[in-house]
Every structure is written in C-alpha cells, then in structure tokens.
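A.B. asks: Sharing final_1.txt, compact mmCIF, C-alpha atoms:
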```
# COMPACT_ATOMS: atom_id res chain seq x y z
CA MET A 156 -29.36 201.37 3.93
CA THR A 157 -25.56 201.36 4.03
CA ASP A 158 -23.73 202.26 0.83
CA TYR A 159 -20.68 200.12 0.10
CA LEU A 160 -17.78 200.51 -2.30
CA GLU A 161 -15.76 197.60 -3.69
CA ARG A 162 -12.08 197.54 -2.79
CA SER A 163 -9.91 194.48 -3.55
CA GLY A 164 -12.91 192.18 -3.31
CA LEU A 165 -14.11 193.75 -0.06
CA ARG A 166 -17.26 195.80 0.42
CA VAL A 167 -16.32 198.92 2.39
CA ASP A 168 -18.76 201.41 3.93
CA ALA A 169 -18.66 204.41 1.59
CA ASP A 170 -18.11 206.98 4.35
CA LEU A 171 -15.34 204.91 5.92
CA CYS A 172 -13.76 204.45 2.51
CA ALA A 173 -13.83 208.20 1.90
CA PHE A 174 -12.28 208.88 5.32
CA ILE A 175 -9.42 206.46 4.69
CA GLU A 176 -8.74 207.59 1.15
CA THR A 177 -9.19 211.37 1.51
CA GLU A 178 -8.21 212.03 5.14
CA ALA A 179 -6.13 209.25 6.68
CA ALA A 180 -3.93 208.15 3.75
CA PRO A 181 -2.86 211.47 2.14
CA GLY A 182 0.54 212.50 3.46
CA THR A 183 1.58 209.01 4.53
CA GLY A 184 3.04 207.83 1.24
CA VAL A 185 0.98 204.65 1.62
CA ASP A 186 -0.30 203.22 -1.66
CA LEU A 187 -4.06 202.87 -1.42
CA ASP A 188 -4.21 199.83 -3.68
CA GLY A 189 -1.60 198.20 -1.45
CA PHE A 190 -3.61 199.18 1.63
CA TRP A 191 -6.78 197.50 0.38
CA ARG A 192 -4.91 194.46 -0.92
CA GLY A 193 -3.32 194.14 2.50
CA TYR A 194 -6.72 194.34 4.16
CA ALA A 195 -8.10 191.68 1.82
CA ASP A 196 -5.08 189.48 2.62
CA LEU A 197 -5.83 189.80 6.33
CA VAL A 198 -9.40 188.68 5.79
CA ALA A 199 -8.43 185.77 3.52
CA SER A 200 -5.40 184.50 5.43
CA LEU A 201 -6.21 185.23 9.07
CA GLY A 202 -10.01 185.40 9.06
CA PRO A 203 -10.38 181.60 9.20
CA ARG A 204 -7.70 181.33 11.88
CA THR A 205 -9.52 183.94 13.96
CA ALA A 206 -12.73 181.92 13.73
CA GLU A 207 -10.87 178.75 14.77
CA LEU A 208 -9.39 180.40 17.85
CA LEU A 209 -12.75 181.84 18.89
CA ALA A 210 -14.24 178.35 18.56
CA GLU A 211 -11.40 177.07 20.75
CA ARG A 212 -12.41 179.58 23.41
CA ASP A 213 -15.94 178.17 23.36
CA ARG A 214 -14.68 174.57 23.50
CA LEU A 215 -12.50 175.20 26.54
CA GLN A 216 -15.16 177.22 28.33
CA ALA A 217 -17.75 174.49 27.84
CA LEU A 218 -15.40 171.83 29.23
CA ILE A 219 -14.44 174.00 32.21
CA ASP A 220 -18.09 174.80 32.97
CA GLU A 221 -18.95 171.10 32.85
CA TRP A 222 -16.03 170.19 35.17
CA HIS A 223 -17.21 172.67 37.79
CA ARG A 224 -20.85 171.66 37.53
CA GLU A 225 -19.96 168.01 38.12
CA ARG A 226 -18.03 168.94 41.28
CA ARG A 227 -20.48 171.42 42.75
CA GLY A 228 -20.49 171.12 46.53
CA LYS A 229 -17.34 168.98 46.68
CA ASP A 230 -14.01 169.92 48.30
CA TRP A 231 -11.64 171.83 46.06
CA ASP A 232 -8.87 169.70 44.52
CA ALA A 233 -6.25 171.94 42.95
CA VAL A 234 -4.07 169.04 41.79
CA SER A 235 -6.84 167.36 39.80
CA TYR A 236 -8.00 170.70 38.40
CA LYS A 237 -4.51 171.50 37.10
CA ARG A 238 -4.29 168.01 35.59
CA PHE A 239 -7.64 168.57 33.88
CA LEU A 240 -6.56 171.95 32.48
CA LYS A 241 -3.49 170.32 30.96
CA GLN A 242 -5.57 167.52 29.45
CA ILE A 243 -7.92 169.87 27.63
CA GLY A 244 -5.10 172.14 26.42
CA TYR A 245 -5.85 175.12 28.63
CA LEU A 246 -2.38 174.81 30.18
CA ILE A 247 0.52 174.22 27.80
CA GLU A 248 3.76 172.50 28.77
CA ASP A 249 6.56 175.04 29.19
CA THR A 250 9.57 173.44 27.49
CA ALA A 251 12.15 176.18 26.91
CA PRO A 252 13.35 179.54 28.18
CA LEU A 253 12.64 182.66 26.14
CA THR A 254 14.75 185.71 25.34
CA ILE A 255 13.20 188.83 23.83
CA GLU A 256 15.14 191.66 22.23
CA THR A 257 13.51 195.02 21.48
CA VAL A 258 14.63 197.89 19.26
CA GLY A 259 13.22 201.34 18.72
CA VAL A 260 11.43 201.51 22.06
CA ASP A 261 10.84 204.93 23.60
CA PRO A 262 12.09 205.39 27.17
CA GLU A 263 8.53 205.90 28.42
CA ILE A 264 7.96 202.25 27.50
CA GLY A 265 11.38 200.72 28.08
CA SER A 266 13.15 202.46 30.95
CA LEU A 267 11.02 205.09 32.73
CA ALA A 268 8.41 204.31 35.38
CA GLY A 269 5.48 206.67 35.73
CA PRO A 270 1.70 207.05 35.62
CA GLN A 271 -0.38 205.92 32.64
CA LEU A 272 -3.80 207.25 31.70
CA VAL A 273 -6.58 205.55 29.72
CA VAL A 274 -9.04 207.79 27.89
CA PRO A 275 -11.81 207.31 25.29
CA VAL A 276 -10.33 208.60 22.03
CA MET A 277 -13.88 209.24 20.76
CA ASN A 278 -13.99 212.32 23.03
CA ALA A 279 -11.51 214.82 21.57
CA ARG A 280 -11.39 217.01 24.69
CA PHE A 281 -10.68 214.04 26.97
CA ALA A 282 -8.10 212.71 24.54
CA LEU A 283 -6.25 216.04 24.41
CA ASN A 284 -6.41 216.52 28.19
CA ALA A 285 -4.86 213.10 28.71
CA ALA A 286 -2.14 213.65 26.11
CA ASN A 287 -1.29 216.97 27.77
CA ALA A 288 -1.13 215.46 31.25
CA ARG A 289 2.59 214.82 30.82
CA TRP A 290 3.13 217.89 33.03
CA GLY A 291 0.99 218.87 35.98
CA SER A 292 0.98 221.40 38.80
CA LEU A 293 1.71 219.91 42.22
CA TYR A 294 0.32 223.06 43.80
CA ASP A 295 -3.01 222.62 41.98
CA ALA A 296 -3.16 218.91 42.84
CA LEU A 297 -2.57 219.58 46.52
CA TYR A 298 -4.88 222.58 46.71
CA GLY A 299 -7.84 220.86 45.04
CA SER A 300 -7.62 217.40 46.58
CA ASP A 301 -7.86 215.80 50.01
CA ALA A 302 -4.10 215.32 50.15
CA ILE A 303 -4.42 218.33 52.43
CA PRO A 304 -7.42 217.70 54.75
CA ASP A 305 -10.33 220.16 54.69
CA GLU A 306 -10.03 221.01 58.34
CA GLY A 307 -8.63 223.65 60.59
CA GLY A 308 -9.73 226.49 58.33
CA VAL A 309 -7.91 225.27 55.20
CA GLN A 310 -10.93 224.18 53.15
CA ALA A 311 -10.51 224.12 49.37
CA SER A 312 -12.42 226.85 47.52
CA ARG A 313 -12.52 228.33 44.04
CA GLN A 314 -11.24 231.62 45.40
CA TYR A 315 -7.61 231.42 46.50
CA ASP A 316 -7.41 230.94 50.26
CA PRO A 317 -4.04 232.06 51.68
CA GLN A 318 -4.26 229.70 54.65
CA ARG A 319 -4.76 226.67 52.43
CA GLY A 320 -2.13 228.08 50.06
CA ALA A 321 0.37 228.14 52.93
CA ALA A 322 -0.40 224.48 53.64
CA VAL A 323 0.18 223.67 49.95
CA ILE A 324 3.51 225.49 49.91
CA ALA A 325 4.63 223.65 53.04
CA LYS A 326 3.55 220.26 51.65
CA ALA A 327 5.35 220.91 48.37
CA ALA A 328 8.52 221.78 50.30
CA GLU A 329 8.29 218.38 52.01
CA PHE A 330 8.18 216.76 48.59
CA LEU A 331 11.20 218.76 47.44
CA ASP A 332 13.15 217.67 50.52
CA LEU A 333 12.53 214.06 49.48
CA ALA A 334 13.10 214.39 45.73
CA LEU A 335 15.75 217.14 45.72
CA PRO A 336 17.35 217.12 49.17
CA LEU A 337 19.71 219.92 50.09
CA ALA A 338 23.21 219.40 51.42
CA GLU A 339 22.16 221.56 54.36
CA GLY A 340 18.73 222.72 55.49
CA SER A 341 15.23 222.39 54.06
CA HIS A 342 13.42 223.82 51.05
CA ALA A 343 10.85 225.09 53.53
CA ASP A 344 13.43 227.60 54.76
CA ALA A 345 14.61 228.71 51.31
CA THR A 346 14.42 232.44 50.67
CA GLU A 347 16.00 232.43 47.22
CA TYR A 348 17.05 230.07 44.44
CA ARG A 349 20.03 231.60 42.68
CA LEU A 350 21.99 230.60 39.58
CA VAL A 351 25.66 231.49 39.75
CA SER A 352 27.66 230.43 36.68
CA ASP A 353 25.08 227.75 35.93
CA GLU A 354 25.42 226.40 39.47
CA LEU A 355 22.36 226.40 41.69
CA GLN A 356 22.61 228.02 45.10
CA VAL A 357 19.77 227.80 47.60
CA ILE A 358 19.74 230.68 50.07
CA LEU A 359 18.41 229.83 53.52
CA GLY A 360 18.42 233.20 55.25
CA SER A 361 22.10 233.82 56.00
CA ILE A 362 23.19 230.35 54.80
CA SER A 363 23.97 229.31 51.21
CA SER A 364 23.22 225.66 50.51
CA ARG A 365 23.16 223.47 47.41
CA LEU A 366 21.61 220.23 46.24
CA SER A 367 22.93 217.05 47.79
CA ASP A 368 23.21 215.81 44.22
CA PRO A 369 24.25 218.76 42.03
CA GLU A 370 23.64 216.63 38.93
CA ALA A 371 19.90 216.79 39.68
CA TYR A 372 19.86 220.35 38.31
CA CYS A 373 19.22 220.16 34.55
CA GLY A 374 18.68 223.71 33.32
CA HIS A 375 16.46 226.77 33.36
CA ALA A 376 14.06 228.81 31.25
CA ILE A 377 12.58 232.31 31.28
CA ARG A 378 8.83 232.33 30.65
CA GLY A 379 7.41 235.82 30.92
CA SER A 380 7.96 237.06 34.46
CA ALA A 381 8.85 233.57 35.70
CA THR A 382 12.21 231.87 36.00
CA VAL A 383 11.83 228.11 35.69
CA LEU A 384 14.43 225.82 37.25
CA LEU A 385 14.50 222.25 35.91
CA PHE A 386 15.55 219.21 37.94
CA GLN A 387 15.51 215.45 37.53
CA HIS A 388 14.72 212.69 40.02
CA ASN A 389 14.58 209.00 39.08
CA GLY A 390 14.49 210.00 35.42
CA LEU A 391 11.46 212.27 35.86
CA HIS A 392 11.60 216.05 35.72
CA ILE A 393 10.54 218.71 38.20
CA GLU A 394 10.10 222.41 37.52
CA LEU A 395 10.38 225.09 40.19
CA VAL A 396 8.58 228.17 38.90
CA ILE A 397 9.93 231.32 40.55
CA ASP A 398 7.64 234.31 40.10
CA ARG A 399 7.14 236.84 42.89
CA SER A 400 4.61 238.79 40.82
CA THR A 401 1.90 236.17 41.46
CA VAL A 402 -0.24 235.85 44.57
CA VAL A 403 1.25 232.45 45.37
CA GLY A 404 4.80 233.57 44.60
CA GLN A 405 4.42 236.47 47.00
CA GLN A 406 3.28 234.09 49.72
CA SER A 407 6.26 231.74 49.25
CA ARG A 408 9.41 232.90 51.03
CA ALA A 409 11.48 231.93 47.97
CA GLY A 410 8.96 233.19 45.42
CA VAL A 411 8.02 229.65 44.28
CA SER A 412 4.74 230.21 42.48
CA ASP A 413 4.41 226.56 41.42
CA VAL A 414 6.05 223.15 41.40
CA VAL A 415 5.36 221.34 38.13
CA LEU A 416 5.94 217.60 37.84
CA GLU A 417 6.44 215.33 34.88
CA ALA A 418 3.43 213.10 35.46
CA ALA A 419 1.54 210.91 32.94
CA LEU A 420 4.34 209.45 30.85
CA THR A 421 1.97 207.43 28.67
CA THR A 422 -1.67 207.53 27.65
CA ILE A 423 -3.74 204.73 26.13
CA GLN A 424 -6.08 206.31 23.59
CA ASP A 425 -8.86 203.77 23.78
CA CYS A 426 -10.91 202.42 20.85
CA GLU A 427 -12.25 199.59 23.00
CA ASP A 428 -13.51 199.39 26.60
CA SER A 429 -14.32 203.08 27.19
CA VAL A 430 -15.80 203.59 23.73
CA ALA A 431 -19.19 202.51 22.37
CA ALA A 432 -18.37 202.48 18.65
CA VAL A 433 -20.98 200.25 17.07
CA ASP A 434 -21.13 201.27 13.41
CA ALA A 435 -19.05 202.85 10.68
CA ALA A 436 -19.96 206.41 11.70
CA ASP A 437 -18.77 205.74 15.26
CA LYS A 438 -15.57 204.13 14.03
CA ILE A 439 -14.85 207.13 11.79
CA ALA A 440 -15.26 209.48 14.77
CA VAL A 441 -12.79 207.39 16.77
CA TYR A 442 -10.29 207.15 13.92
CA ARG A 443 -10.55 210.86 13.08
CA ASN A 444 -9.53 211.88 16.60
CA TRP A 445 -6.63 209.40 16.62
CA LEU A 446 -5.57 210.74 13.22
CA GLY A 447 -5.60 214.29 14.60
CA LEU A 448 -3.45 213.23 17.53
CA MET A 449 -0.94 211.57 15.21
CA ARG A 450 -0.87 214.52 12.80
CA GLY A 451 -0.71 216.89 15.77
CA ASP A 452 -3.58 219.09 14.60
CA LEU A 453 -6.48 217.82 16.72
CA ALA A 454 -8.28 220.76 18.35
CA GLU A 455 -11.44 221.01 20.44
CA ARG A 456 -13.29 224.30 20.92
CA PHE A 457 -15.57 224.81 23.90
CA GLU A 458 -16.76 227.43 26.34
CA LYS A 459 -15.83 227.48 30.02
CA ASP A 460 -16.86 230.14 32.53
CA GLY A 461 -18.02 232.32 29.64
CA ARG A 462 -14.68 232.09 27.81
CA ALA A 463 -14.03 230.45 24.45
CA ILE A 464 -11.23 227.91 24.78
CA VAL A 465 -9.36 225.94 22.15
CA ARG A 466 -7.71 222.77 23.44
CA GLN A 467 -4.72 221.53 21.40
CA LEU A 468 -1.69 219.34 21.95
CA ALA A 469 0.83 220.99 24.25
CA PRO A 470 4.08 222.16 22.65
CA ASP A 471 7.49 220.88 23.66
CA ARG A 472 9.19 222.54 26.61
CA GLN A 473 12.45 224.39 25.97
CA TYR A 474 15.25 225.19 28.40
CA THR A 475 18.87 226.20 28.56
CA GLY A 476 20.61 223.11 29.87
CA ALA A 477 23.04 223.08 32.77
CA ASP A 478 25.82 222.85 30.16
CA GLY A 479 24.53 225.93 28.34
CA ALA A 480 23.14 223.96 25.38
CA GLU A 481 19.51 223.96 24.28
CA LEU A 482 17.42 221.34 26.06
CA VAL A 483 14.01 220.27 24.75
CA LEU A 484 11.58 217.97 26.58
CA THR A 485 8.34 216.64 25.18
CA GLY A 486 5.21 218.37 26.37
CA ARG A 487 2.96 215.35 25.86
CA SER A 488 2.56 211.82 27.11
CA LEU A 489 3.59 209.02 24.77
CA MET A 490 0.37 207.75 23.21
CA LEU A 491 -0.62 204.14 22.63
CA VAL A 492 -3.82 203.18 20.83
CA ARG A 493 -5.94 200.35 22.20
CA ASN A 494 -7.55 198.32 19.43
CA VAL A 495 -10.50 196.01 20.03
CA GLY A 496 -9.88 192.33 20.73
CA HIS A 497 -10.27 189.38 18.40
CA LEU A 498 -13.91 188.65 19.20
CA MET A 499 -15.98 191.38 17.55
CA THR A 500 -16.90 191.72 13.89
CA THR A 501 -18.02 194.83 12.02
CA ASN A 502 -20.35 195.58 9.15
CA ALA A 503 -18.15 198.54 8.16
CA VAL A 504 -16.17 196.13 5.97
CA LEU A 505 -17.76 192.99 4.49
CA ASP A 506 -16.02 190.14 2.72
CA ALA A 507 -16.84 189.03 -0.80
CA ASP A 508 -19.74 186.93 0.50
CA GLY A 509 -21.24 189.82 2.45
CA ARG A 510 -20.13 188.60 5.87
CA GLU A 511 -18.85 190.95 8.56
CA THR A 512 -15.07 191.01 8.96
CA PRO A 513 -13.13 191.09 12.26
CA GLU A 514 -13.24 194.55 13.80
CA GLY A 515 -9.70 194.03 15.04
CA PHE A 516 -8.51 193.91 11.42
CA LEU A 517 -10.13 197.29 10.79
CA ASP A 518 -8.63 198.84 13.92
CA ALA A 519 -5.19 197.46 13.11
CA MET A 520 -5.14 198.78 9.56
CA VAL A 521 -6.63 202.22 10.19
CA THR A 522 -4.97 203.14 13.50
CA ALA A 523 -1.57 202.09 12.14
CA LEU A 524 -2.20 204.05 8.93
CA ALA A 525 -3.00 207.15 10.99
CA ALA A 526 0.17 206.68 13.04
CA VAL A 527 2.30 206.72 9.89
CA HIS A 528 1.77 210.49 9.92
CA ASP A 529 3.74 210.61 13.16
CA LEU A 530 6.53 208.45 11.73
CA ARG A 531 6.85 210.73 8.69
CA LYS A 532 6.79 213.94 10.72
CA THR A 533 9.76 216.32 10.56
CA SER A 534 8.26 219.16 12.65
CA GLY A 535 5.47 219.80 15.12
CA PRO A 536 4.41 217.67 18.10
CA GLN A 537 5.88 214.19 17.72
CA ASN A 538 4.66 211.10 19.53
CA SER A 539 7.36 208.43 19.21
CA ARG A 540 10.89 209.78 18.95
CA CYS A 541 12.14 206.26 18.23
CA GLY A 542 9.98 205.61 15.18
CA SER A 543 7.51 203.15 16.68
CA ILE A 544 3.74 202.68 16.72
CA TYR A 545 2.33 201.36 20.00
CA VAL A 546 -0.85 199.28 19.89
CA VAL A 547 -2.46 197.83 23.00
CA LYS A 548 -4.15 194.54 22.13
CA PRO A 549 -6.66 193.38 24.76
CA LYS A 550 -8.56 190.20 25.66
CA MET A 551 -6.29 187.64 24.04
CA HIS A 552 -6.95 184.13 25.32
CA GLY A 553 -3.69 182.25 25.27
CA PRO A 554 -0.47 182.33 23.25
CA ALA A 555 -2.08 181.25 19.98
CA GLU A 556 -4.17 184.42 19.99
CA VAL A 557 -1.08 186.49 20.75
CA ALA A 558 0.62 184.80 17.79
CA LEU A 559 -2.41 185.69 15.68
CA ALA A 560 -2.02 189.35 16.66
CA ASP A 561 1.68 189.18 15.83
CA ALA A 562 0.94 187.74 12.37
CA MET A 563 -1.78 190.35 11.82
CA PHE A 564 0.47 193.30 12.58
CA GLN A 565 3.25 191.88 10.40
CA ARG A 566 0.79 191.93 7.50
CA VAL A 567 -0.25 195.46 8.43
CA GLU A 568 3.39 196.56 8.36
CA ASP A 569 3.78 195.02 4.91
CA ALA A 570 0.62 196.72 3.62
CA LEU A 571 1.80 200.10 4.91
CA GLY A 572 5.40 199.70 3.75
CA LEU A 573 6.79 199.71 7.30
CA ALA A 574 9.88 197.93 8.53
CA ARG A 575 9.27 194.78 10.55
CA ASN A 576 8.52 195.42 14.25
CA THR A 577 7.72 199.10 13.72
CA ILE A 578 4.43 198.26 15.43
CA LYS A 579 4.90 197.26 19.07
CA ILE A 580 2.11 195.25 20.70
CA GLY A 581 1.14 195.79 24.32
CA VAL A 582 -0.30 192.44 25.39
CA MET A 583 -3.00 193.07 27.97
CA ASP A 584 -2.83 190.38 30.63
CA GLU A 585 -6.56 189.95 31.15
CA GLU A 586 -7.11 186.20 30.82
CA ARG A 587 -5.25 183.61 32.87
CA ARG A 588 -4.58 181.34 29.90
CA THR A 589 -2.45 184.16 28.47
CA SER A 590 -0.46 184.91 31.62
CA VAL A 591 0.43 181.30 32.45
CA ASN A 592 1.21 180.23 28.88
CA LEU A 593 2.62 183.30 27.15
CA ARG A 594 6.26 182.23 27.20
```
Just give me the structure as structure tokens.

C.D. replies:
Amino acid sequence: MTDYLERSGLRVDADLCAFIETEAAPGTGVDLDGFWRGYADLVASLGPRTAELLAERDRLQALIDEWHRERRGKDWDAVSYKRFLKQIGYLIEDTAPLTIETVGVDPEIGSLAGPQLVVPVMNARFALNAANARWGSLYDALYGSDAIPDEGGVQASRQYDPQRGAAVIAKAAEFLDLALPLAEGSHADATEYRLVSDELQVILGSISSRLSDPEAYCGHAIRGSATVLLFQHNGLHIELVIDRSTVVGQQSRAGVSDVVLEAALTTIQDCEDSVAAVDAADKIAVYRNWLGLMRGDLAERFEKDGRAIVRQLAPDRQYTGADGAELVLTGRSLMLVRNVGHLMTTNAVLDADGRETPEGFLDAMVTALAAVHDLRKTSGPQNSRCGSIYVVKPKMHGPAEVALADAMFQRVEDALGLARNTIKIGVMDEERRTSVNLR
C-alpha cells in the first residue's frame, strides 16, 4: 500500500516527497511551497489539454487506419492521400515563415558538431562513463576495434602486442596528417615535437617542420612524466601525449604514447526509452542519479580485475595556452536529460480526485529542479557554462503537442524562479506530423 502526503491539493508518494524535499531541493533556493503550487498548476491548467491532445492522436489514427483499410489492394494515390490528411487536420497549412532566436546556448548545442551518446541515467556507472566520454584515446580505440583488421599477425589481445601497437601508431599518424598537416613531411616521420618560445617545431630526422596552420596549436600541459600538446581542428581538440617512459612511447619514434581526442560533446541522460521506471521507487532512482550528475558528486564504486574502483565525473583539463595564459577545457560532455513523452501517467503523484497525473509533468518538475544545482554552482564540475538546462522531449505528435511542452516548461521555470527560456527543449523528430508541421 503506497503512502501519500498531501501537497497543494496533490497526493504525492511519501518517498518521492521526501526525496524532493530533503535531497533535490536543498541548495537550490527553490521555495518548496512554490514548487508544489507550480506542480498543482500544471495538473490543473495543462492536464485537461494533455488529455485533449492524446484524444486527438486517437482520432487521427482511427481515421488514417480506416482510410488504408478501405483502399487495401488498390494502387497508391499520393495526391488523394495528401488531400485526405489535410482534410482531417493531420497536415496543417503553412502560412508564414518563421525566425527563431536563441540565447544562452552552449557551443556543444549551437556551433560545434560532434558525437552524442544516449545512456540510461538509472545506471550510475553507465551515466558517468558517458559523461566522461568527452575525451577518448585514439590509440585505445584503434587497438581494440576492427579499424585495424585482425590479420597478418596484428590480432588484438589484452596483453600489449608490439606489432599491433606499431599498426596503431601508423594509423594515428595518418589521422594527424589529415587533421594537423605539416608544412613539410608526415607525422609518421616525426622524431620529436619541440616547443621553442611557445612555437611548435616538428623534427623529422634532420629536417625541422611546423604545422601548415600554426594557429592549430593551442597550448601544452605537464602531467607527471608526460608532456601534453594541445591542438584544435574544426573546433574540436586533440592531445598529443609525449612520454618516452611508457611502452608505447618507447615504440613511437617521437615518443607519442597516446593521441587523445575530444569525442562525445553531448550525452542524453535518458529517463525514457532506455529506462524501465514504472513506479515511484524507480523514478527516485532515476532522479537521484541525475541529481548527482547536476551536483557533480555522483560516484559509483565497483570492483574490476580484483581492484576497487570509484567512478566519478572527470575534472576539467588545464593547460598553458599558446599565449602563455591559463587555458581550461571541460572534461565532460554537455548533458541533456530526456524526459518521458506526453502519453504516460504515473501513480507517484495523484490529483485531488485520486487520478494519476502525467508522468511528463513529474519529469519536467524534478529534472529541472535537480539541474538548478548546476545553475547555482560556483565551483566543481559544471554542466552548462551558459546557464541553461537542456531537456529532450520525445514522441510529440504535431505542433500543438510541442506548444504544450513549451507552455509546460514555462510554468516549470516560474515555479522554480528561473528566467524565461532557461530551459531549452530538444524536440525529438519521431513522428511525421511533427516534422512536416512544426514551423
């Protein structure tokens, strides 16, 4: 039997209520009475509209199913089908152009192109691994994958194989020739990377070369026995790790023990498709991990190969810039949180009449509340450097449902005391009525 507590006319699962009030809200500055009033306003003002739009889905689907059944076995007529879709309101007349302005958008969203991961936020270890995938070893990726074929004596193995290692080093040099071409010669022939008065020289035996684009060199760092050289290509960063004390560094003519790439720029921490969260206890587990990511203190302890390991968010990466000033780059991917769609309801929060409320309302309120910790942060690992919260909203059928999500998040912003448009919605283009009508 579920225990419920009354909050602003709502009946809230007692454990969920305790999580929100004793874990998620403290430190945000959010007034709890305002939070619950805002939730109740969502239910009262947008609950009926949600039900109407879900009924509209059913109406359209029934008409479309009937249209196809009546024409089973007949030749396809695209013109009449389009006319039919307009008649029933599936297609909406496009009457005007649209201009959108955005503010406070991080470059990972607005101007940089790079990989994106999706991971179930219910699994803390997976969530941390994905967040930390902002930087990855090219050497490891080449060595452990079929990018280098397992043939000719270069099979991948857990023990380091020098022959396969040589193939990795050669393949990485090919990449460097593409991303960081030299004015003369190839990285494969480099015997030394040398900094002279903050200018990079690449020694190729008896020849001294340089980058074709000297501006690609960004800075350097000393990490233990390694010298790290930082470069940039198409807005993404590349590290050359020079360390002749390692087995791989000794094998490389220039002492390059690794090539590290800026990789997963963004990660969707998923509360929806990859997560089976069916009751309040499940939802709390999901929200607690997201809260830890936003506070920066999520940690997962496990054992691997007989060793105790603690997985945490990666720290920022520090360098001395090419101009001599301190340069700091984020060590983590920018995280978005994927809420559930409009369809599902949850018994974790009931309305005054004891009916389940939309699960999307719960996700919107709690995931945004947790993200306020990141907005208020003055130290430690930060997610958005532009002061935004990024929510991926899936399975929206048509522009009216997108407008519903927009209205919902405006009310969430008000309940949390956030400026308008602090929350940015990623509209997942999963249903054709959305993609053809969104403008």

A.B. asks: Kindly indicate which residue among A:Ala555, A:Val521, A:Ile324, A:Val351 lies nearest to Tyr245 of chain A, using all atoms listed in the file for the distances.

C.D. replies: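 Among the listed residues, the smallest separation from Tyr245 of chain A belongs to A:Ala555.
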
A.B. asks: Quick one: everything within 9 Å of segment 269-278 of chain A, counting all atoms listed in the file, minus sequence neighbours fewer than 2 positions away in the same chain. Send it as a ChimeraX atom specification.

C.D. replies: /A:263,267,280-283,285-286,288,391,417-432,437-438,440-445,488,492

A.B. asks: Compile the contact shell of Ser407 of chain A as a compact mmCIF listing (two decimals) with C-alpha atoms, in the coordinates of the input: residues with an atom at most 8 Å away, counting only C-alpha atoms, same-chain residues fewer than 4 positions apart removed.

C.D. replies:
```txt
# COMPACT_ATOMS: atom_id res chain seq x y z
CA ALA A 321 0.37 228.14 52.93
CA ILE A 324 3.51 225.49 49.91
CA VAL A 403 1.25 232.45 45.37
CA VAL A 411 8.02 229.65 44.28
CA SER A 412 4.74 230.21 42.48
```

A.B. asks: Could you work out how far atom CA of Gly265 of chain A lies from atom CA of Leu446 of chain A, giving the answer in Å with one decimal?

C.D. replies: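 One can read the atom CA of Leu446 of chain A to atom CA of Gly265 of chain A distance as 24.7 Å.
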
A.B. asks: For Leu240 of chain A, list every protein, DNA or RNA residue within 12 Å, evaluated using only C-alpha atoms, and leave out those in the same chain fewer than 4 positions away; present the list as number ranges by chain.

C.D. replies: A: 215-216, 218-220, 222-223, 233-236, 244-248, 587-588, 591-592

A.B. asks: Hey, what's within 7 Å of Ser364 of chain A if we count all atoms listed in the file and toss same-chain stuff fewer than 2 positions away? As an NGL selection string, please?

C.D. replies: :A and (337-339 or 356-358 or 362)

A.B. asks: Could you please determine the separation between atom CA of His342 of chain A and atom CA of Ser266 of chain A in Å, to one decimal place?

C.D. replies: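 Value for the atom CA of His342 of chain A-atom CA of Ser266 of chain A distance: 29.3 Å.
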
A.B. asks: Nearest to Leu331 of chain A among A:Arg408, A:Asp398, A:Leu416, A:Arg214, with distances taken over all atoms listed in the file: which residue is it?

C.D. replies: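 Distance minimum relative to Leu331 of chain A lands on A:Leu416.
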